[in-house]
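Colleague: Data: structure-v6.cif, mmCIF, C-alpha atoms.
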data_data
loop_
_atom_site.group_PDB
_atom_site.id
_atom_site.type_symbol
_atom_site.label_atom_id
_atom_site.label_comp_id
_atom_site.auth_asym_id
_atom_site.auth_seq_id
_atom_site.Cartn_x
_atom_site.Cartn_y
_atom_site.Cartn_z
ATOM 1 C CA MET A 1 -53.163 92.115 -13.054
ATOM 2 C CA PRO A 2 -49.607 92.391 -11.740
ATOM 3 C CA ARG A 3 -50.245 89.322 -9.545
ATOM 4 C CA ARG A 4 -51.388 87.291 -12.581
ATOM 5 C CA ALA A 5 -48.361 88.360 -14.648
ATOM 6 C CA ARG A 6 -46.099 87.215 -11.803
ATOM 7 C CA HIS A 7 -47.737 83.761 -11.799
ATOM 8 C CA GLU A 8 -47.447 83.454 -15.573
ATOM 9 C CA ALA A 9 -43.758 84.337 -15.472
ATOM 10 C CA ARG A 10 -43.213 81.730 -12.782
ATOM 11 C CA ASP A 11 -45.026 79.088 -14.828
ATOM 12 C CA ARG A 12 -42.988 79.915 -17.924
ATOM 13 C CA HIS A 13 -39.788 79.632 -15.885
ATOM 14 C CA ARG A 14 -40.805 76.243 -14.510
ATOM 15 C CA GLU A 15 -41.785 75.000 -17.962
ATOM 16 C CA ARG A 16 -38.435 76.126 -19.368
ATOM 17 C CA ARG A 17 -36.594 74.266 -16.578
ATOM 18 C CA ARG A 18 -38.626 71.130 -17.273
ATOM 19 C CA ASP A 19 -37.762 71.378 -20.969
ATOM 20 C CA ILE A 20 -34.072 71.738 -20.165
ATOM 21 C CA ARG A 21 -34.124 68.706 -17.851
ATOM 22 C CA ARG A 22 -36.075 66.674 -20.409
ATOM 23 C CA LYS A 23 -33.620 67.531 -23.203
ATOM 24 C CA LEU A 24 -30.649 66.790 -20.929
ATOM 25 C CA LYS A 25 -32.024 63.350 -20.022
ATOM 26 C CA GLU A 26 -32.740 62.634 -23.660
ATOM 27 C CA GLN A 27 -29.188 63.584 -24.662
ATOM 28 C CA ILE A 28 -27.711 61.453 -21.869
ATOM 29 C CA ARG A 29 -29.879 58.474 -22.895
ATOM 30 C CA LYS A 30 -28.903 58.838 -26.542
ATOM 31 C CA GLN A 31 -25.196 59.092 -25.715
ATOM 32 C CA PHE A 32 -25.404 56.057 -23.397
ATOM 33 C CA LEU A 33 -27.239 53.954 -25.985
ATOM 34 C CA ARG A 34 -24.844 55.045 -28.721
ATOM 35 C CA ARG A 35 -21.767 54.103 -26.709
ATOM 36 C CA LEU A 36 -23.336 50.852 -25.491
ATOM 37 C CA SER A 37 -24.302 49.793 -29.000
ATOM 38 C CA ARG A 38 -20.849 50.703 -30.316
ATOM 39 C CA ARG A 39 -19.128 48.624 -27.611
ATOM 40 C CA PHE A 40 -21.552 45.759 -28.148
ATOM 41 C CA ARG A 41 -20.897 45.789 -31.898
ATOM 42 C CA ASP A 42 -17.135 45.846 -31.288
ATOM 43 C CA SER A 43 -17.382 42.928 -28.827
ATOM 44 C CA ILE A 44 -19.541 40.902 -31.203
ATOM 45 C CA LYS A 45 -17.135 41.611 -34.041
ATOM 46 C CA ARG A 46 -14.158 40.580 -31.912
ATOM 47 C CA TRP A 47 -15.877 37.392 -30.739
ATOM 48 C CA VAL A 48 -16.813 36.485 -34.301
ATOM 49 C CA GLU A 49 -13.238 36.971 -35.465
ATOM 50 C CA GLU A 50 -11.883 34.840 -32.591
ATOM 51 C CA PHE A 51 -14.455 32.138 -33.273
ATOM 52 C CA GLN A 52 -13.557 32.046 -36.950
ATOM 53 C CA GLU A 53 -9.838 31.797 -36.162
ATOM 54 C CA THR A 54 -10.480 28.991 -33.657
ATOM 55 C CA ARG A 55 -12.694 27.175 -36.134
ATOM 56 C CA GLU A 56 -10.032 27.435 -38.818
ATOM 57 C CA ARG A 57 -7.366 26.054 -36.485
ATOM 58 C CA LEU A 58 -9.578 23.178 -35.349
ATOM 59 C CA THR A 59 -10.564 22.396 -38.929
ATOM 60 C CA LEU A 60 -6.916 22.325 -39.957
ATOM 61 C CA LEU A 61 -6.072 20.097 -36.967
ATOM 62 C CA ARG A 62 -8.921 17.754 -37.830
ATOM 63 C CA ASP A 63 -7.736 17.489 -41.416
ATOM 64 C CA VAL A 64 -4.202 16.742 -40.253
ATOM 65 C CA ILE A 65 -5.358 14.072 -37.799
ATOM 66 C CA GLU A 66 -7.681 12.444 -40.298
ATOM 67 C CA GLY A 67 -4.926 12.372 -42.874
ATOM 68 C CA ARG A 68 -2.219 10.979 -40.604
ATOM 69 C CA ALA A 69 -4.234 8.666 -38.365
ATOM 70 C CA LYS A 70 -6.571 6.876 -40.700
ATOM 71 C CA VAL A 71 -7.805 3.592 -39.290
ATOM 72 C CA VAL A 72 -7.051 0.946 -41.870
ATOM 73 C CA PHE A 73 -8.610 -1.866 -39.825
ATOM 74 C CA LYS A 74 -9.395 -2.608 -36.216
ATOM 75 C CA VAL A 75 -7.915 -5.738 -34.683
ATOM 76 C CA THR A 76 -10.483 -7.595 -32.593
ATOM 77 C CA LYS A 77 -8.963 -11.071 -32.840
ATOM 78 C CA GLN A 78 -5.515 -12.313 -31.954
ATOM 79 C CA TYR A 79 -4.181 -15.716 -32.885
ATOM 80 C CA PHE A 80 -0.473 -15.331 -32.099
ATOM 81 C CA ALA A 81 1.347 -14.386 -28.900
ATOM 82 C CA ARG A 82 3.079 -11.120 -29.759
ATOM 83 C CA ARG A 83 4.975 -10.878 -26.458
ATOM 84 C CA VAL A 84 7.055 -13.957 -27.224
ATOM 85 C CA ARG A 85 9.244 -11.905 -29.521
ATOM 86 C CA GLU A 86 9.687 -9.309 -26.771
ATOM 87 C CA TYR A 87 10.854 -11.943 -24.278
ATOM 88 C CA TYR A 88 13.204 -13.379 -26.873
ATOM 89 C CA THR A 89 14.747 -9.927 -27.403
ATOM 90 C CA TYR A 90 15.409 -9.394 -23.687
ATOM 91 C CA ASP A 91 16.870 -12.875 -23.408
ATOM 92 C CA ARG A 92 19.278 -11.964 -26.177
ATOM 93 C CA PHE A 93 20.208 -8.802 -24.277
ATOM 94 C CA VAL A 94 21.000 -10.854 -21.187
ATOM 95 C CA MET A 95 23.138 -13.346 -23.078
ATOM 96 C CA ASP A 96 25.026 -10.548 -24.875
ATOM 97 C CA LEU A 97 26.075 -8.930 -21.582
ATOM 98 C CA PRO A 98 29.640 -9.434 -20.331
ATOM 99 C CA GLU A 99 29.983 -12.336 -17.926
ATOM 100 C CA ASP A 100 30.509 -10.214 -14.803
ATOM 101 C CA LEU A 101 27.485 -7.997 -15.547
ATOM 102 C CA ARG A 102 25.365 -11.025 -16.417
ATOM 103 C CA ASN A 103 26.262 -12.693 -13.107
ATOM 104 C CA THR A 104 25.375 -9.483 -11.260
ATOM 105 C CA LEU A 105 21.974 -9.399 -12.967
ATOM 106 C CA VAL A 106 21.303 -13.056 -12.127
ATOM 107 C CA ASN A 107 22.200 -12.460 -8.471
ATOM 108 C CA VAL A 108 19.872 -9.456 -8.306
ATOM 109 C CA LEU A 109 16.997 -11.468 -9.789
ATOM 110 C CA ARG A 110 17.631 -14.313 -7.365
ATOM 111 C CA SER A 111 17.744 -11.987 -4.349
ATOM 112 C CA ALA A 112 14.512 -10.316 -5.475
ATOM 113 C CA VAL A 113 12.683 -13.651 -5.718
ATOM 114 C CA VAL A 114 14.186 -15.521 -2.771
ATOM 115 C CA GLY A 115 14.686 -12.673 -0.295
ATOM 116 C CA LYS A 116 12.024 -10.220 -1.542
ATOM 117 C CA PHE A 117 14.691 -7.535 -1.545
ATOM 118 C CA VAL A 118 16.829 -5.655 -4.040
ATOM 119 C CA ASP A 119 19.946 -3.905 -2.775
ATOM 120 C CA PRO A 120 19.570 -0.191 -3.641
ATOM 121 C CA THR A 121 23.337 0.271 -3.787
ATOM 122 C CA VAL A 122 23.488 -2.214 -6.663
ATOM 123 C CA LEU A 123 20.773 -0.315 -8.519
ATOM 124 C CA GLU A 124 22.644 2.953 -7.980
ATOM 125 C CA GLN A 125 25.784 1.376 -9.372
ATOM 126 C CA TYR A 126 24.005 -0.426 -12.226
ATOM 127 C CA PRO A 127 20.827 1.567 -13.031
ATOM 128 C CA TRP A 128 20.214 -0.467 -16.204
ATOM 129 C CA ILE A 129 19.197 -3.433 -14.027
ATOM 130 C CA ARG A 130 15.878 -1.676 -13.366
ATOM 131 C CA TYR A 131 14.717 -2.387 -16.931
ATOM 132 C CA PHE A 132 15.308 -6.108 -16.472
ATOM 133 C CA LEU A 133 13.387 -6.001 -13.184
ATOM 134 C CA TYR A 134 10.407 -4.552 -15.096
ATOM 135 C CA ILE A 135 10.534 -7.507 -17.476
ATOM 136 C CA TYR A 136 11.477 -10.500 -15.325
ATOM 137 C CA ILE A 137 10.080 -9.757 -11.830
ATOM 138 C CA MET A 138 6.318 -9.775 -11.408
ATOM 139 C CA TYR A 139 6.363 -7.259 -8.536
ATOM 140 C CA TYR A 140 8.064 -4.573 -10.667
ATOM 141 C CA SER A 141 6.222 -5.205 -13.930
ATOM 142 C CA LYS A 142 3.586 -2.941 -15.402
ATOM 143 C CA PHE A 143 -0.113 -3.563 -15.027
ATOM 144 C CA PRO A 144 -1.806 -5.900 -15.956
ATOM 145 C CA CYS A 145 1.319 -8.064 -15.585
ATOM 146 C CA ARG A 146 1.980 -6.685 -12.119
ATOM 147 C CA HIS A 147 1.140 -8.524 -8.901
ATOM 148 C CA ILE A 148 2.253 -8.216 -5.288
ATOM 149 C CA THR A 149 4.365 -11.358 -5.601
ATOM 150 C CA TYR A 150 8.118 -11.664 -6.032
ATOM 151 C CA ALA A 151 8.173 -14.192 -8.848
ATOM 152 C CA VAL A 152 10.515 -14.440 -11.829
ATOM 153 C CA LYS A 153 9.344 -14.875 -15.400
ATOM 154 C CA LEU A 154 10.235 -18.297 -16.777
ATOM 155 C CA THR A 155 12.040 -17.990 -20.083
ATOM 156 C CA PRO A 156 14.753 -20.165 -21.667
ATOM 157 C CA VAL A 157 17.436 -17.896 -20.172
ATOM 158 C CA THR A 158 16.028 -17.774 -16.623
ATOM 159 C CA ILE A 159 15.503 -21.539 -16.639
ATOM 160 C CA ASN A 160 19.127 -21.929 -17.707
ATOM 161 C CA PHE A 161 20.389 -19.916 -14.719
ATOM 162 C CA PHE A 162 17.829 -21.067 -12.131
ATOM 163 C CA GLY A 163 17.574 -24.710 -13.130
ATOM 164 C CA GLY A 164 17.890 -27.450 -10.545
ATOM 165 C CA VAL A 165 16.370 -25.499 -7.633
ATOM 166 C CA LYS A 166 12.945 -25.962 -6.093
ATOM 167 C CA VAL A 167 10.398 -23.818 -7.890
ATOM 168 C CA THR A 168 6.701 -23.170 -7.381
ATOM 169 C CA TYR A 169 5.034 -22.452 -10.693
ATOM 170 C CA TYR A 170 2.492 -19.690 -11.185
ATOM 171 C CA VAL A 171 0.524 -18.379 -14.134
ATOM 172 C CA LEU A 172 -0.773 -14.827 -14.427
ATOM 173 C CA ARG A 173 -3.749 -14.040 -16.688
ATOM 174 C CA TRP A 174 -5.780 -10.871 -17.323
ATOM 175 C CA ALA A 175 -9.027 -9.904 -19.034
ATOM 176 C CA ARG A 176 -11.597 -7.157 -19.269
ATOM 177 C CA ALA A 177 -14.420 -7.446 -16.775
ATOM 178 C CA ARG A 178 -16.989 -7.579 -19.570
ATOM 179 C CA ASP A 179 -15.245 -10.648 -21.010
ATOM 180 C CA ALA A 180 -15.104 -12.366 -17.630
ATOM 181 C CA LYS A 181 -18.827 -11.891 -16.981
ATOM 182 C CA ALA A 182 -21.355 -14.423 -18.192
ATOM 183 C CA ASP A 183 -23.127 -13.632 -21.427
ATOM 184 C CA PRO A 184 -26.805 -12.828 -20.698
ATOM 185 C CA TYR A 185 -27.969 -14.885 -23.700
ATOM 186 C CA ILE A 186 -25.727 -17.953 -23.918
ATOM 187 C CA GLY A 187 -24.442 -18.034 -20.325
ATOM 188 C CA ARG A 188 -21.362 -20.088 -19.463
ATOM 189 C CA SER A 189 -20.291 -23.454 -20.745
ATOM 190 C CA ARG A 190 -19.263 -24.822 -17.325
ATOM 191 C CA THR A 191 -19.298 -24.240 -13.592
ATOM 192 C CA VAL A 192 -16.659 -21.630 -12.875
ATOM 193 C CA ASP A 193 -14.582 -20.718 -9.864
ATOM 194 C CA PHE A 194 -16.238 -18.728 -7.104
ATOM 195 C CA TYR A 195 -13.810 -15.823 -7.543
ATOM 196 C CA ILE A 196 -14.749 -15.493 -11.211
ATOM 197 C CA THR A 197 -18.433 -15.172 -10.385
ATOM 198 C CA PHE A 198 -17.582 -12.364 -7.960
ATOM 199 C CA LEU A 199 -16.290 -10.299 -10.912
ATOM 200 C CA ARG A 200 -19.858 -9.420 -11.867
ATOM 201 C CA TYR A 201 -19.521 -6.422 -9.521
ATOM 202 C CA LYS A 202 -16.696 -4.978 -11.629
ATOM 203 C CA PHE A 203 -17.262 -2.307 -14.244
ATOM 204 C CA ASP A 204 -17.042 -3.561 -17.815
ATOM 205 C CA PRO A 205 -13.943 -1.555 -18.896
ATOM 206 C CA ASP A 206 -11.939 -2.604 -15.803
ATOM 207 C CA ILE A 207 -8.948 -4.888 -16.299
ATOM 208 C CA ILE A 208 -8.633 -7.776 -13.871
ATOM 209 C CA ASN A 209 -5.617 -10.039 -13.452
ATOM 210 C CA ALA A 210 -5.712 -13.437 -11.777
ATOM 211 C CA LEU A 211 -2.672 -15.224 -10.373
ATOM 212 C CA GLU A 212 -3.005 -19.014 -10.130
ATOM 213 C CA VAL A 213 -0.613 -21.370 -8.377
ATOM 214 C CA GLY A 214 0.388 -24.415 -10.380
ATOM 215 C CA ASP A 215 2.703 -27.143 -9.110
ATOM 216 C CA GLU A 216 6.233 -27.603 -7.784
ATOM 217 C CA GLY A 217 9.241 -28.588 -9.832
ATOM 218 C CA THR A 218 12.905 -28.001 -10.559
ATOM 219 C CA ASN A 219 12.710 -25.831 -13.677
ATOM 220 C CA ASP A 220 12.863 -28.874 -15.883
ATOM 221 C CA TRP A 221 11.350 -28.566 -19.347
ATOM 222 C CA ASN A 222 9.278 -31.703 -18.724
ATOM 223 C CA ASP A 223 7.755 -30.614 -15.396
ATOM 224 C CA ARG A 224 3.965 -30.715 -15.226
ATOM 225 C CA PHE A 225 2.483 -27.241 -15.419
ATOM 226 C CA PRO A 226 -1.244 -26.828 -14.600
ATOM 227 C CA LEU A 227 -2.674 -23.991 -16.645
ATOM 228 C CA ALA A 228 -5.840 -23.567 -14.562
ATOM 229 C CA ARG A 229 -7.893 -24.981 -11.696
ATOM 230 C CA ASP A 230 -11.575 -25.806 -11.520
ATOM 231 C CA ALA A 231 -14.187 -24.718 -8.984
ATOM 232 C CA PHE A 232 -12.861 -27.256 -6.426
ATOM 233 C CA ARG A 233 -9.237 -26.090 -6.904
ATOM 234 C CA HIS A 234 -8.261 -29.243 -8.752
ATOM 235 C CA ASP A 235 -5.651 -28.724 -11.446
ATOM 236 C CA GLU A 236 -6.724 -29.179 -15.062
ATOM 237 C CA TYR A 237 -5.330 -28.561 -18.520
ATOM 238 C CA VAL A 238 -1.903 -29.808 -17.445
ATOM 239 C CA VAL A 239 0.877 -29.340 -20.016
ATOM 240 C CA PRO A 240 4.678 -29.663 -19.897
ATOM 241 C CA LEU A 241 6.556 -26.562 -18.836
ATOM 242 C CA ARG A 242 8.111 -26.193 -22.280
ATOM 243 C CA ARG A 243 4.670 -25.848 -23.871
ATOM 244 C CA ALA A 244 3.589 -23.122 -21.449
ATOM 245 C CA ILE A 245 6.743 -21.139 -22.283
ATOM 246 C CA LEU A 246 7.295 -21.798 -25.964
ATOM 247 C CA GLN A 247 3.598 -22.064 -26.920
ATOM 248 C CA PRO A 248 1.940 -19.536 -24.583
ATOM 249 C CA HIS A 249 -1.322 -19.486 -26.505
ATOM 250 C CA TRP A 250 -2.258 -22.599 -24.508
ATOM 251 C CA VAL A 251 -2.325 -20.419 -21.374
ATOM 252 C CA LYS A 252 -4.825 -18.069 -22.974
ATOM 253 C CA TRP A 253 -6.907 -20.992 -24.222
ATOM 254 C CA ALA A 254 -7.078 -22.494 -20.712
ATOM 255 C CA TRP A 255 -7.979 -19.098 -19.239
ATOM 256 C CA ALA A 256 -10.930 -18.767 -21.639
ATOM 257 C CA LYS A 257 -12.076 -22.309 -20.820
ATOM 258 C CA THR A 258 -11.804 -21.618 -17.082
ATOM 259 C CA MET A 259 -14.085 -18.596 -17.392
ATOM 260 C CA GLY A 260 -16.616 -20.763 -19.193
ATOM 261 C CA LYS A 261 -16.359 -18.623 -22.324
ATOM 262 C CA PRO A 262 -14.150 -20.387 -24.891
ATOM 263 C CA GLU A 263 -15.337 -17.943 -27.551
ATOM 264 C CA VAL A 264 -13.124 -15.158 -26.061
ATOM 265 C CA PHE A 265 -9.952 -17.166 -26.709
ATOM 266 C CA THR A 266 -9.053 -14.981 -29.705
ATOM 267 C CA SER A 267 -10.149 -11.665 -28.168
ATOM 268 C CA VAL A 268 -7.554 -8.919 -27.799
ATOM 269 C CA ASP A 269 -9.043 -7.992 -24.402
ATOM 270 C CA VAL A 270 -8.066 -11.379 -22.929
ATOM 271 C CA GLY A 271 -4.426 -12.255 -22.400
ATOM 272 C CA HIS A 272 -1.756 -13.588 -20.087
ATOM 273 C CA CYS A 273 1.726 -12.704 -18.861
ATOM 274 C CA SER A 274 3.477 -16.056 -19.388
ATOM 275 C CA ALA A 275 4.625 -18.465 -16.673
ATOM 276 C CA TYR A 276 6.297 -17.398 -13.431
ATOM 277 C CA GLY A 277 8.126 -19.173 -10.649
ATOM 278 C CA ILE A 278 9.072 -18.576 -7.018
ATOM 279 C CA LEU A 279 12.483 -19.976 -6.092
ATOM 280 C CA GLU A 280 13.258 -21.819 -2.858
ATOM 281 C CA ARG A 281 10.146 -20.569 -1.067
ATOM 282 C CA PRO A 282 7.158 -22.828 -0.316
ATOM 283 C CA SER A 283 3.638 -21.808 -1.220
ATOM 284 C CA LYS A 284 1.036 -21.932 1.531
ATOM 285 C CA ALA A 285 -1.817 -21.971 -0.985
ATOM 286 C CA LEU A 286 -0.324 -24.968 -2.786
ATOM 287 C CA GLN A 287 0.042 -26.892 0.471
ATOM 288 C CA LEU A 288 -3.604 -26.204 1.356
ATOM 289 C CA ILE A 289 -4.674 -27.391 -2.100
ATOM 290 C CA LYS A 290 -2.660 -30.600 -1.796
ATOM 291 C CA HIS A 291 -4.195 -31.357 1.611
ATOM 292 C CA GLN A 292 -7.678 -30.493 0.281
ATOM 293 C CA ASP A 293 -8.204 -27.843 2.924
ATOM 294 C CA ARG A 294 -11.580 -26.156 2.585
ATOM 295 C CA ARG A 295 -10.048 -22.760 3.291
ATOM 296 C CA VAL A 296 -8.756 -22.604 -0.291
ATOM 297 C CA LEU A 297 -12.342 -22.365 -1.526
ATOM 298 C CA GLY A 298 -12.690 -19.008 0.213
ATOM 299 C CA THR A 299 -15.789 -17.120 1.278
ATOM 300 C CA ARG A 300 -17.189 -13.848 0.033
ATOM 301 C CA PRO A 301 -20.181 -11.937 1.483
ATOM 302 C CA ARG A 302 -23.230 -11.496 -0.697
ATOM 303 C CA HIS A 303 -24.564 -8.054 -1.480
ATOM 304 C CA ARG A 304 -28.021 -8.440 0.002
ATOM 305 C CA ILE A 305 -28.847 -4.745 -0.382
ATOM 306 C CA LYS A 306 -28.410 -3.203 -3.813
ATOM 307 C CA GLU A 307 -26.695 0.151 -3.579
ATOM 308 C CA ILE A 308 -27.569 3.399 -5.325
ATOM 309 C CA LEU A 309 -25.288 2.643 -8.301
ATOM 310 C CA TYR A 310 -27.448 -0.340 -9.207
ATOM 311 C CA ARG A 311 -30.676 1.640 -8.822
ATOM 312 C CA THR A 312 -29.418 4.406 -11.100
ATOM 313 C CA GLY A 313 -28.256 1.979 -13.778
ATOM 314 C CA LEU A 314 -24.529 2.671 -13.345
ATOM 315 C CA ARG A 315 -23.731 -0.889 -12.275
ATOM 316 C CA ILE A 316 -25.046 -4.253 -13.385
#
Could the structure of this file be written out as structure tokens, please?
Modeller:
Amino acid sequence: MPRRARHEARDRHRERRRDIRRKLKEQIRKQFLRRLSRRFRDSIKRWVEEFQETRERLTLLRDVIEGRAKVVFKVTKQYFARRVREYYTYDRFVMDLPEDLRNTLVNVLRSAVVGKFVDPTVLEQYPWIRYFLYIYIMYYSKFPCRHITYAVKLTPVTINFFGGVKVTYYVLRWARARDAKADPYIGRSRTVDFYITFLRYKFDPDIINALEVGDEGTNDWNDRFPLARDAFRHDEYVVPLRRAILQPHWVKWAWAKTMGKPEVFTSVDVGHCSAYGILERPSKALQLIKHQDRRVLGTRPRHRIKEILYRTGLRI
């Protein structure tokens, strides 16, 4: 009997220890879950408050934007050259300058076109000349009216100062790639230049600018000014120089006809940058065109293998 009592006491002791451990684990689990749920509820409450504040701010911003920036109408057609007024304003600025400053500006423009160089010391002394370089020199202009060519914009004032010298006329046009591509339903109205057909590899939103050489002259208002050339580099749509400057919508009309899409003549995504001229420097391209050299037609390789962009539908 004493041996059995000793075993029973041991079993009761073990059972009591198991109960203590079980209660301790239960208390720890309850405390952990209580604290976790409290922190989770606090985090959710904080996130909800932040989300509501952000939503209120964005709603207020949306209301402000919708109230201040309402679209009355969207311009998709353009029938008048709006940049003519801008050129007229800068011409007035040039004529209103004192004589010594005006002569300095004319000399800087001439050196930029003839010598392809602008003296930095002059720009440091007269920093305001930079703004006129942005307007009158093609190399310093902003895209899409920028091209790697030192040519001066032909306006009534520049013709007045640079008249009587040998000039090679140029015309700079620009358009969206989607407007330069052939319409899949109606096609083109004529055979276009080889370089225009190559634009089918461009993305639709891209802006392309095309510089075309015209003819030579002396900055006379009656000089012949070709607005475009056909597929064989023959000049067409020839107008007097005064019409290309004072009525620049003819340049845009010829550009639309050259692309074989006269319907984009009034589009806002098709435009031009007026007439330009290079002073006292011959044009190699114009000489090749006059001698009917086949090198002016140019060659471009064909894409015989369609790349992954075409296969995935990212390029047409």
Colleague: Name the residues that the PyMOL selection byres ((chain A and resi 264) around 12) picks from the file above, as an mmCIF file with C-alpha atoms, keeping the file's coordinate frame, using the file's chain letters and numbers.
Modeller:
data_model
loop_
_atom_site.group_PDB
_atom_site.id
_atom_site.type_symbol
_atom_site.label_atom_id
_atom_site.label_comp_id
_atom_site.auth_asym_id
_atom_site.auth_seq_id
_atom_site.Cartn_x
_atom_site.Cartn_y
_atom_site.Cartn_z
ATOM 1 C CA THR A 76 -10.483 -7.595 -32.593
ATOM 2 C CA LYS A 77 -8.963 -11.071 -32.840
ATOM 3 C CA GLN A 78 -5.515 -12.313 -31.954
ATOM 4 C CA TYR A 79 -4.181 -15.716 -32.885
ATOM 5 C CA ALA A 175 -9.027 -9.904 -19.034
ATOM 6 C CA ARG A 176 -11.597 -7.157 -19.269
ATOM 7 C CA ARG A 178 -16.989 -7.579 -19.570
ATOM 8 C CA ASP A 179 -15.245 -10.648 -21.010
ATOM 9 C CA ALA A 180 -15.104 -12.366 -17.630
ATOM 10 C CA LYS A 181 -18.827 -11.891 -16.981
ATOM 11 C CA ALA A 182 -21.355 -14.423 -18.192
ATOM 12 C CA ASP A 183 -23.127 -13.632 -21.427
ATOM 13 C CA ARG A 188 -21.362 -20.088 -19.463
ATOM 14 C CA LYS A 252 -4.825 -18.069 -22.974
ATOM 15 C CA TRP A 253 -6.907 -20.992 -24.222
ATOM 16 C CA ALA A 254 -7.078 -22.494 -20.712
ATOM 17 C CA TRP A 255 -7.979 -19.098 -19.239
ATOM 18 C CA ALA A 256 -10.930 -18.767 -21.639
ATOM 19 C CA LYS A 257 -12.076 -22.309 -20.820
ATOM 20 C CA THR A 258 -11.804 -21.618 -17.082
ATOM 21 C CA MET A 259 -14.085 -18.596 -17.392
ATOM 22 C CA GLY A 260 -16.616 -20.763 -19.193
ATOM 23 C CA LYS A 261 -16.359 -18.623 -22.324
ATOM 24 C CA PRO A 262 -14.150 -20.387 -24.891
ATOM 25 C CA GLU A 263 -15.337 -17.943 -27.551
ATOM 26 C CA PHE A 265 -9.952 -17.166 -26.709
ATOM 27 C CA THR A 266 -9.053 -14.981 -29.705
ATOM 28 C CA SER A 267 -10.149 -11.665 -28.168
ATOM 29 C CA VAL A 268 -7.554 -8.919 -27.799
ATOM 30 C CA ASP A 269 -9.043 -7.992 -24.402
ATOM 31 C CA VAL A 270 -8.066 -11.379 -22.929
ATOM 32 C CA GLY A 271 -4.426 -12.255 -22.400
#
Colleague: Tell me, in Å to one decimal, how far CA of Ala177 (chain A) is from CA of Asp206 (chain A).
Modeller: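 A separation of 5.5 Å between them.
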Colleague: Closest to Ala228 (chain A) among A:Arg173, A:Lys25, A:Lys284, A:Arg34, using only C-alpha atoms?
Modeller: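 Checking each of A:Arg173, A:Lys25, A:Lys284, A:Arg34 against Ala228 (chain A), counting only C-alpha atoms, the winner is A:Arg173.
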Colleague: What is the distance between CA of Arg242 (chain A) and CA of Leu172 (chain A), in Å to one decimal?
Modeller: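 Rounded to one decimal, the two atoms are 16.4 Å apart.
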Colleague: Please, what distance in Å, to one decimal, runs between CA of Ile207 (chain A) and CA of Trp174 (chain A)?
Modeller: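 Interatomic distance here is 6.8 Å.
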Colleague: List the residues selected by the PyMOL selection byres ((chain A and resi 139) around 8) in the file shown, writing them as a PDB file with C-alpha atoms, keeping the file's coordinate frame.
Modeller:
ATOM      1  CA  ILE A 137      10.080  -9.757 -11.830  1.00  0.00           C
ATOM      2  CA  MET A 138       6.318  -9.775 -11.408  1.00  0.00           C
ATOM      3  CA  TYR A 140       8.064  -4.573 -10.667  1.00  0.00           C
ATOM      4  CA  SER A 141       6.222  -5.205 -13.930  1.00  0.00           C
ATOM      5  CA  ARG A 146       1.980  -6.685 -12.119  1.00  0.00           C
ATOM      6  CA  HIS A 147       1.140  -8.524  -8.901  1.00  0.00           C
ATOM      7  CA  ILE A 148       2.253  -8.216  -5.288  1.00  0.00           C
ATOM      8  CA  THR A 149       4.365 -11.358  -5.601  1.00  0.00           C
ATOM      9  CA  TYR A 150       8.118 -11.664  -6.032  1.00  0.00           C
ATOM     10  CA  ALA A 151       8.173 -14.192  -8.848  1.00  0.00           C
TER      11      ALA A 151
END
Colleague: Please complete region 37-46 of chain A with N, CA and C atoms and give it back as a PDB file, keeping the file's coordinate frame.
Modeller:
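Below is the file that was written, out37.pdb:
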ATOM      1  N   SER A  37     -24.168  50.534 -27.749  1.00  0.00           N
ATOM      2  CA  SER A  37     -24.302  49.793 -29.000  1.00  0.00           C
ATOM      3  C   SER A  37     -22.963  49.682 -29.724  1.00  0.00           C
ATOM      4  N   ARG A  38     -22.147  50.766 -29.663  1.00  0.00           N
ATOM      5  CA  ARG A  38     -20.849  50.703 -30.316  1.00  0.00           C
ATOM      6  C   ARG A  38     -19.948  49.656 -29.648  1.00  0.00           C
ATOM      7  N   ARG A  39     -19.928  49.635 -28.320  1.00  0.00           N
ATOM      8  CA  ARG A  39     -19.128  48.624 -27.611  1.00  0.00           C
ATOM      9  C   ARG A  39     -19.662  47.217 -27.867  1.00  0.00           C
ATOM     10  N   PHE A  40     -20.978  47.078 -27.903  1.00  0.00           N
ATOM     11  CA  PHE A  40     -21.552  45.759 -28.148  1.00  0.00           C
ATOM     12  C   PHE A  40     -21.186  45.261 -29.551  1.00  0.00           C
ATOM     13  N   ARG A  41     -21.271  46.180 -30.544  1.00  0.00           N
ATOM     14  CA  ARG A  41     -20.897  45.789 -31.898  1.00  0.00           C
ATOM     15  C   ARG A  41     -19.415  45.434 -31.980  1.00  0.00           C
ATOM     16  N   ASP A  42     -18.564  46.166 -31.283  1.00  0.00           N
ATOM     17  CA  ASP A  42     -17.135  45.846 -31.288  1.00  0.00           C
ATOM     18  C   ASP A  42     -16.869  44.491 -30.630  1.00  0.00           C
ATOM     19  N   SER A  43     -17.575  44.224 -29.516  1.00  0.00           N
ATOM     20  CA  SER A  43     -17.382  42.928 -28.827  1.00  0.00           C
ATOM     21  C   SER A  43     -17.858  41.774 -29.695  1.00  0.00           C
ATOM     22  N   ILE A  44     -19.024  41.953 -30.318  1.00  0.00           N
ATOM     23  CA  ILE A  44     -19.541  40.902 -31.203  1.00  0.00           C
ATOM     24  C   ILE A  44     -18.591  40.663 -32.363  1.00  0.00           C
ATOM     25  N   LYS A  45     -18.058  41.745 -32.925  1.00  0.00           N
ATOM     26  CA  LYS A  45     -17.135  41.611 -34.041  1.00  0.00           C
ATOM     27  C   LYS A  45     -15.852  40.895 -33.616  1.00  0.00           C
ATOM     28  N   ARG A  46     -15.362  41.231 -32.414  1.00  0.00           N
ATOM     29  CA  ARG A  46     -14.158  40.580 -31.912  1.00  0.00           C
ATOM     30  C   ARG A  46     -14.405  39.108 -31.622  1.00  0.00           C
TER      31      ARG A  46
END
